[in-house]
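Source file: model10.txt. Holds: compact mmCIF, C-alpha atoms.
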```txt
# COMPACT_ATOMS: atom_id res chain seq x y z
CA MET F 1 -7.79 -19.03 3.63
CA ASN F 2 -6.52 -16.91 0.82
CA GLY F 3 -7.66 -14.33 -1.67
CA VAL F 4 -7.07 -13.29 -5.25
CA SER F 5 -6.37 -9.63 -4.45
CA LYS F 6 -2.64 -10.13 -3.94
CA ALA F 7 -1.58 -13.20 -5.93
CA TYR F 8 -3.44 -12.11 -9.05
CA ALA F 9 -2.92 -8.34 -8.67
CA MET F 10 -6.65 -7.75 -8.36
CA THR F 11 -6.21 -4.90 -5.91
CA GLY F 12 -9.42 -3.79 -4.27
CA TRP F 13 -11.40 -6.79 -5.54
CA ARG F 14 -11.71 -8.43 -2.11
CA ILE F 15 -12.48 -11.98 -3.23
CA GLY F 16 -11.31 -14.65 -0.83
CA TYR F 17 -11.72 -18.35 -0.37
CA ALA F 18 -11.19 -20.97 2.30
CA ALA F 19 -10.70 -24.72 2.34
CA GLY F 20 -10.98 -27.02 5.32
CA PRO F 21 -13.22 -29.44 7.15
CA GLU F 22 -16.83 -29.12 6.00
CA LYS F 23 -18.12 -28.37 9.51
CA LEU F 24 -15.64 -25.51 9.95
CA ILE F 25 -16.35 -24.03 6.49
CA LYS F 26 -20.12 -24.12 7.12
CA ALA F 27 -19.64 -22.31 10.44
CA MET F 28 -17.40 -19.72 8.77
CA ASP F 29 -20.01 -19.28 6.01
CA MET F 30 -22.76 -18.73 8.56
CA VAL F 31 -20.78 -16.00 10.37
CA GLN F 32 -19.54 -14.34 7.18
CA GLY F 33 -22.97 -14.44 5.57
CA GLN F 34 -24.40 -12.38 8.42
CA GLN F 35 -21.69 -9.72 8.29
CA THR F 36 -21.04 -8.84 4.66
CA SER F 37 -22.87 -8.51 1.41
CA GLY F 38 -22.03 -10.44 -1.74
CA ALA F 39 -19.17 -9.48 -3.97
CA CYS F 40 -20.14 -8.05 -7.36
CA SER F 41 -20.51 -10.52 -10.22
CA ILE F 42 -17.62 -9.01 -12.21
CA ALA F 43 -15.20 -9.59 -9.33
CA GLN F 44 -16.54 -13.13 -8.85
CA TRP F 45 -16.00 -14.06 -12.52
CA ALA F 46 -12.57 -12.42 -12.55
CA ALA F 47 -11.62 -14.51 -9.50
CA VAL F 48 -12.85 -17.71 -11.21
CA GLU F 49 -10.72 -16.93 -14.26
CA ALA F 50 -7.69 -16.06 -12.11
CA LEU F 51 -7.94 -19.31 -10.17
CA THR F 52 -8.72 -21.63 -13.09
CA GLY F 53 -6.80 -19.93 -15.91
CA PRO F 54 -3.11 -20.18 -16.82
CA GLN F 55 -0.82 -19.51 -13.85
CA ASP F 56 2.38 -18.55 -15.71
CA GLU F 57 1.70 -14.81 -15.38
CA VAL F 58 1.62 -15.00 -11.57
CA ALA F 59 5.39 -15.59 -11.30
CA LYS F 60 6.04 -12.83 -13.84
CA MET F 61 3.87 -10.39 -11.86
CA ALA F 62 5.54 -11.42 -8.60
CA GLY F 63 8.94 -10.65 -10.11
CA GLU F 64 7.74 -7.25 -11.28
CA PHE F 65 6.32 -6.38 -7.88
CA ASP F 66 9.54 -7.54 -6.24
CA ARG F 67 11.50 -5.06 -8.41
CA ARG F 68 9.08 -2.27 -7.52
CA ARG F 69 9.20 -3.19 -3.83
CA ARG F 70 12.99 -3.04 -3.78
CA LEU F 71 12.99 0.25 -5.71
CA ILE F 72 10.59 2.02 -3.35
CA VAL F 73 12.23 0.73 -0.15
CA GLN F 74 15.72 1.63 -1.37
CA GLY F 75 14.48 5.11 -2.34
CA LEU F 76 12.63 5.68 0.92
CA ASN F 77 15.72 4.74 2.90
CA THR F 78 17.69 7.52 1.15
CA LEU F 79 15.21 10.21 2.24
CA PRO F 80 16.19 12.24 5.32
CA GLY F 81 13.96 11.45 8.28
CA VAL F 82 12.44 8.40 6.58
CA SER F 83 13.23 4.71 6.97
CA CYS F 84 11.54 1.59 5.70
CA VAL F 85 11.94 -2.14 6.26
CA MET F 86 11.42 -4.48 3.34
CA PRO F 87 7.78 -5.65 3.27
CA LYS F 88 7.23 -9.37 2.88
CA GLY F 89 4.04 -9.11 0.86
CA ALA F 90 1.19 -6.94 -0.38
CA PHE F 91 1.67 -3.87 -2.58
CA TYR F 92 2.59 -1.44 0.14
CA ALA F 93 5.63 -0.06 1.91
CA PHE F 94 5.15 1.10 5.50
CA ALA F 95 7.69 3.90 5.93
CA ASN F 96 8.70 5.29 9.31
CA VAL F 97 8.52 9.09 9.07
CA SER F 98 9.10 9.90 12.76
CA GLY F 99 12.45 11.47 11.81
CA MET F 100 10.42 14.26 10.20
CA PHE F 101 8.53 15.08 13.40
CA GLY F 102 9.20 18.55 14.75
CA ARG F 103 10.18 19.88 11.31
CA GLN F 104 8.16 22.73 9.78
CA TRP F 105 6.96 23.86 6.40
CA LYS F 106 5.17 26.91 5.09
CA ALA F 107 1.68 25.89 4.06
CA ALA F 108 -0.93 28.13 2.43
CA GLU F 109 -2.55 28.77 5.83
CA GLY F 110 0.73 29.40 7.67
CA THR F 111 3.62 27.47 9.16
CA LYS F 112 2.84 23.86 10.04
CA THR F 113 4.78 21.44 12.22
CA ILE F 114 4.89 17.74 11.44
CA LYS F 115 3.71 15.93 14.58
CA GLY F 116 2.41 12.61 13.26
CA SER F 117 1.43 10.61 10.22
CA LEU F 118 -1.52 12.88 9.39
CA ASP F 119 0.81 15.88 9.19
CA ALA F 120 3.37 13.91 7.16
CA THR F 121 0.59 12.88 4.77
CA ALA F 122 -0.52 16.51 4.37
CA PHE F 123 3.08 17.61 3.84
CA PHE F 124 3.78 15.05 1.11
CA LEU F 125 0.48 15.80 -0.64
CA GLU F 126 0.85 19.59 -0.51
CA GLU F 127 4.60 19.92 -1.04
CA ALA F 128 5.49 16.89 -3.17
CA LYS F 129 2.10 16.16 -4.78
CA VAL F 130 2.53 12.55 -3.59
CA ALA F 131 -0.38 10.77 -1.91
CA VAL F 132 0.49 8.54 1.05
CA VAL F 133 -1.86 7.05 3.66
CA PRO F 134 -1.46 7.92 7.36
CA GLY F 135 -0.10 5.02 9.39
CA VAL F 136 -2.31 5.95 12.33
CA ASP F 137 -5.10 4.17 10.43
CA PHE F 138 -2.97 1.00 10.54
CA GLY F 139 -1.84 1.21 14.15
CA SER F 140 1.29 3.39 13.96
CA ASP F 141 1.33 7.17 13.91
CA ASP F 142 5.08 6.99 13.14
CA HIS F 143 4.44 5.55 9.67
CA VAL F 144 2.84 6.26 6.31
CA ARG F 145 1.77 3.68 3.74
CA LEU F 146 2.79 3.93 0.10
CA SER F 147 1.57 1.72 -2.73
CA TYR F 148 3.99 0.29 -5.24
CA ALA F 149 1.23 -1.08 -7.48
CA THR F 150 2.29 1.39 -10.16
CA SER F 151 5.08 1.76 -12.68
CA GLU F 152 8.76 2.03 -11.77
CA ALA F 153 8.79 5.42 -13.53
CA LEU F 154 6.03 6.77 -11.27
CA ILE F 155 7.71 5.35 -8.15
CA THR F 156 10.96 7.06 -9.12
CA GLU F 157 9.16 10.34 -9.85
CA GLY F 158 7.34 10.22 -6.52
CA LEU F 159 10.55 9.56 -4.61
CA THR F 160 12.24 12.45 -6.43
CA ARG F 161 9.38 14.81 -5.51
CA MET F 162 9.48 13.63 -1.89
CA ALA F 163 13.23 14.25 -1.69
CA ALA F 164 12.82 17.77 -3.10
CA ALA F 165 10.02 18.55 -0.63
CA LEU F 166 12.01 17.22 2.31
CA ALA F 167 14.94 19.46 1.34
CA ARG F 168 12.64 22.46 1.88
CA LEU F 169 11.65 21.52 5.45
CA ALA F 170 12.82 23.89 8.17
```
Show me the file's structure as structure tokens.
Amino acid sequence: MNGVSKAYAMTGWRIGYAAGPEKLIKAMDMVQGQQTSGACSIAQWAAVEALTGPQDEVAKMAGEFDRRRRLIVQGLNTLPGVSCVMPKGAFYAFANVSGMFGRQWKAAEGTKTIKGSLDATAFFLEEAKVAVVPGVDFGSDDHVRLSYATSEALITEGLTRMAAALARLA
């Protein structure tokens, strides 16, 4: 089983495929067909082109995402209270922000204490204007998820804003 979302940088286009014994694939098709609706025609044709078209851009894109991945992880690991292991795939870093827990900031509605990933997400959005996704939605309230499917310049700017916001924590 695989999909085109990652290898072909078609983020959000949830087109997958499977190969295997005919009996198994038919059983998988029967289950899947009862649980989801069809993908839109644009995504289907884009997937066909990605799979049958020239493949030379895939390695180039992988190299670019590797540079971005290393940039964001290195930057996250310089932030106080934040640590991040190198992801092995996808377009996301899963940063541990538990070192921020117990710290406070002055929000519009009063002083707030960071107690989990939802609070860390609110802090980064309000104070750094950087959107991250709470890790609690992915099984760990100690983490936040950050996408690196953007330019190196925007990654660097986001990390700079996060560092400045963290310097203001009490």
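When only C-alpha atoms are used to measure the gap to Val48 in chain F, the shortest distance among F:Ile15, F:Met86, F:Leu118, F:Val144 belongs to F:Ile15.
Picture a line from CA of Thr150 in chain F to CA of Gly89 in chain F; it runs 15.3 Å.
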Item to complete: Extract, using all atoms listed in the file, all DNA, RNA and protein residues at most 7 Å from range 161-168 of chain F, discarding same-chain residues fewer than 3 positions from it, and format them as a PyMOL selection string.
Response: chain F and resi 79+124+127-128+157-158
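Computed from the coordinates, the CA of Glu152 in chain F to CA of Ala62 in chain F distance equals 14.2 Å.
Of note, CA of Val132 in chain F and CA of Gly102 in chain F are spaced 19.1 Å apart.
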Item to complete: Using all atoms listed in the file, determine which residues lie at most 8 Å from Arg103 in chain F, disregarding the query and same-chain residues fewer than 4 positions distant; provide the list as a PyMOL selection string.
Response: chain F and resi 113-114+169-170
Practice prompt. Just the residues within 10 Å of Asp66 in chain F, please, counting only C-alpha atoms, with nothing from its chain fewer than 5 positions along; format it as a ChimeraX atom specification.
Written response: /F:60-61,71,87-89,91,148
